[in-house]
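The block underneath contains the structure these notes are about, expressed in C-alpha cells.
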Amino acid sequence: MAWYPAATKLELQPESDGQPAIRPTQFILHSVAAPWTARRMYEYWRDAVALESHFGLGFEGDLAQYIGTETRADANYRANRRPDGTGAVSIETASNKQHTDPWTDQQIEQLIRVGVWLHQRHGIPLRKCRTADDPGYGYHRLHAAWSSGGTACPGDARVKQFEKVVFPQIVARAKGQTTPPPKEEDMPLSDADIERVAKQTALATLGYRNEVMNARSLEETGRPIPDVYAMQSRTYEGMQAMRTQLAAQSAAIQSLAAQLGDNADTDTVVAAVERAIRDAVVHVSVDVTGPTKEA
C-alpha cells in the first residue's frame with residue numbers, strides 16, 4: 001500500500017486490508033456535497049456507508065488518506081478496479097450541498113500537490129483521461145462510466161478550476177516549473193450588479209453635490225439642509241419607479257393601438273392614453289418629492 005506522506009493517515013478498516021489491490025492509473029476529483037472536514041469524511045465512510053474515497057480534503061486544506069493508493073476504493077464506480085487490475089485514485093473535497101461553489105485556494109494547492117505526487121509515485125501520465133479507461137487525470141462527471149446514475153460532480157465552478165488552474169499546475173510542477181497558479185477570470189457583472197453600481201454611483205454623485213450645498217447653506221444661513229441623503233435616495237428610487245411605469249405604459253399604448261380596427265379613431269385613443277400618463281407622472285412626482293407649494 002502507498003500512503004501520501006503529507007496527508008493525515010486515518011485508515012479505514014476492514015476496507016484497507018480486505019479490498020483488492022489496484023494498479024493506479026487515474027486520479028479522479030470529486031465534491032462530497034457537504035461542508036465537511038477531512039476527519040468528518042472519514043467518520044462518514046467508517047460509520048454510515050459502504051463506500052469510500054482514498055483521500056478527503058476540507059475547505060481549509062486539511063487532507064486525510066483513508067486507504068492506500070494501491071488498494072481499491074469505491075467512489076468511482078467502474079473506475080474503482082477494472083478486469084486488468086487498474087483503477088483510479090479518488091479524492092472527495094468539501095463543498096456546499098449543491099456542489100456549486102469553487103474550491104478554496106487551500107484546496108487547490110492540496111489538489112495540485114497530491115496530483116504531482118501521484119505522477120511521481122505511480123507514473124500517472126500528465127494528461128486528461130481521454131476515455132473512461134484512459135490513464136490520466138479527471139473529475140467525476142468527465143466520463144459516464146465513473147458514476148452509476150450520472151452526476152454533476154464536482155460542479156461547474158470546479159470543472160472550470162480543474163481546466164484552468166489545477167490540472168495545468170499539476171503538469172507544470174511535475175515538470176519542475178514553479179510559476180504560481182494563474183488568477184481566475186472575473187465573472188461578468190449581472191444586470192442586478194450593474195443596477196446596484198449605477199445606484200451607488202448616482203447617490204455618491206448627488207451626495208457630494210449636496211455636501212457642497214450643505215456647507216454653503218451653513219456658511220450663508222447658519223442652517224444645514226435637512227436629511228439630504230435620504231431625500232436623494234427617495235428621489236432616485238422614485239425615478240426608477242417612474243421609468244419602469246413609463247416603459248410599461250408605452251408598451252401598452254403600442255399594443256392598444258395595434259389592436260384597434262380600421263374604423264377606430266387611433267389618434268383620439270392615443271391622445272387620451274397619453275393624457276392619462278401625463279397625469280399619472282405628475283401624481284408620482286408629487287408622491288416622490290413631496291407636496292408642491294401653492295402659487
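Note on naming: chains are A, B, ... as they come in the C-alpha cells, residues start from 1 per chain, ligands start from 1 in the order shown.
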Near-A:His54 list (12 Å; only C-alpha atoms; drop same-chain fewer than 6 positions) as a ChimeraX atom specification: /A:1-4,7-12,15-16,24,27-30,38,41-42,45,63-76,80,87-93,114
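With only C-alpha atoms as the atoms that count, the minimum distance from A:Arg158 to the choices A:Arg141, A:Arg127, A:Arg78, A:Arg39 is reached by A:Arg141.
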Need to verify the contact set: A:Val116, 7 Å, only C-alpha atoms, exclusion of same-chain residues closer than 2 positions in sequence. Can you return it as JSON, numbers by chain? {"A": [112, 113, 114, 118, 119, 120, 170, 173, 174]}
Length of the atom CA of A:Asp134 to atom CA of A:Ser53 vector [Å]: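 Separation between atom CA of A:Asp134 and atom CA of A:Ser53: 19.7 Å.
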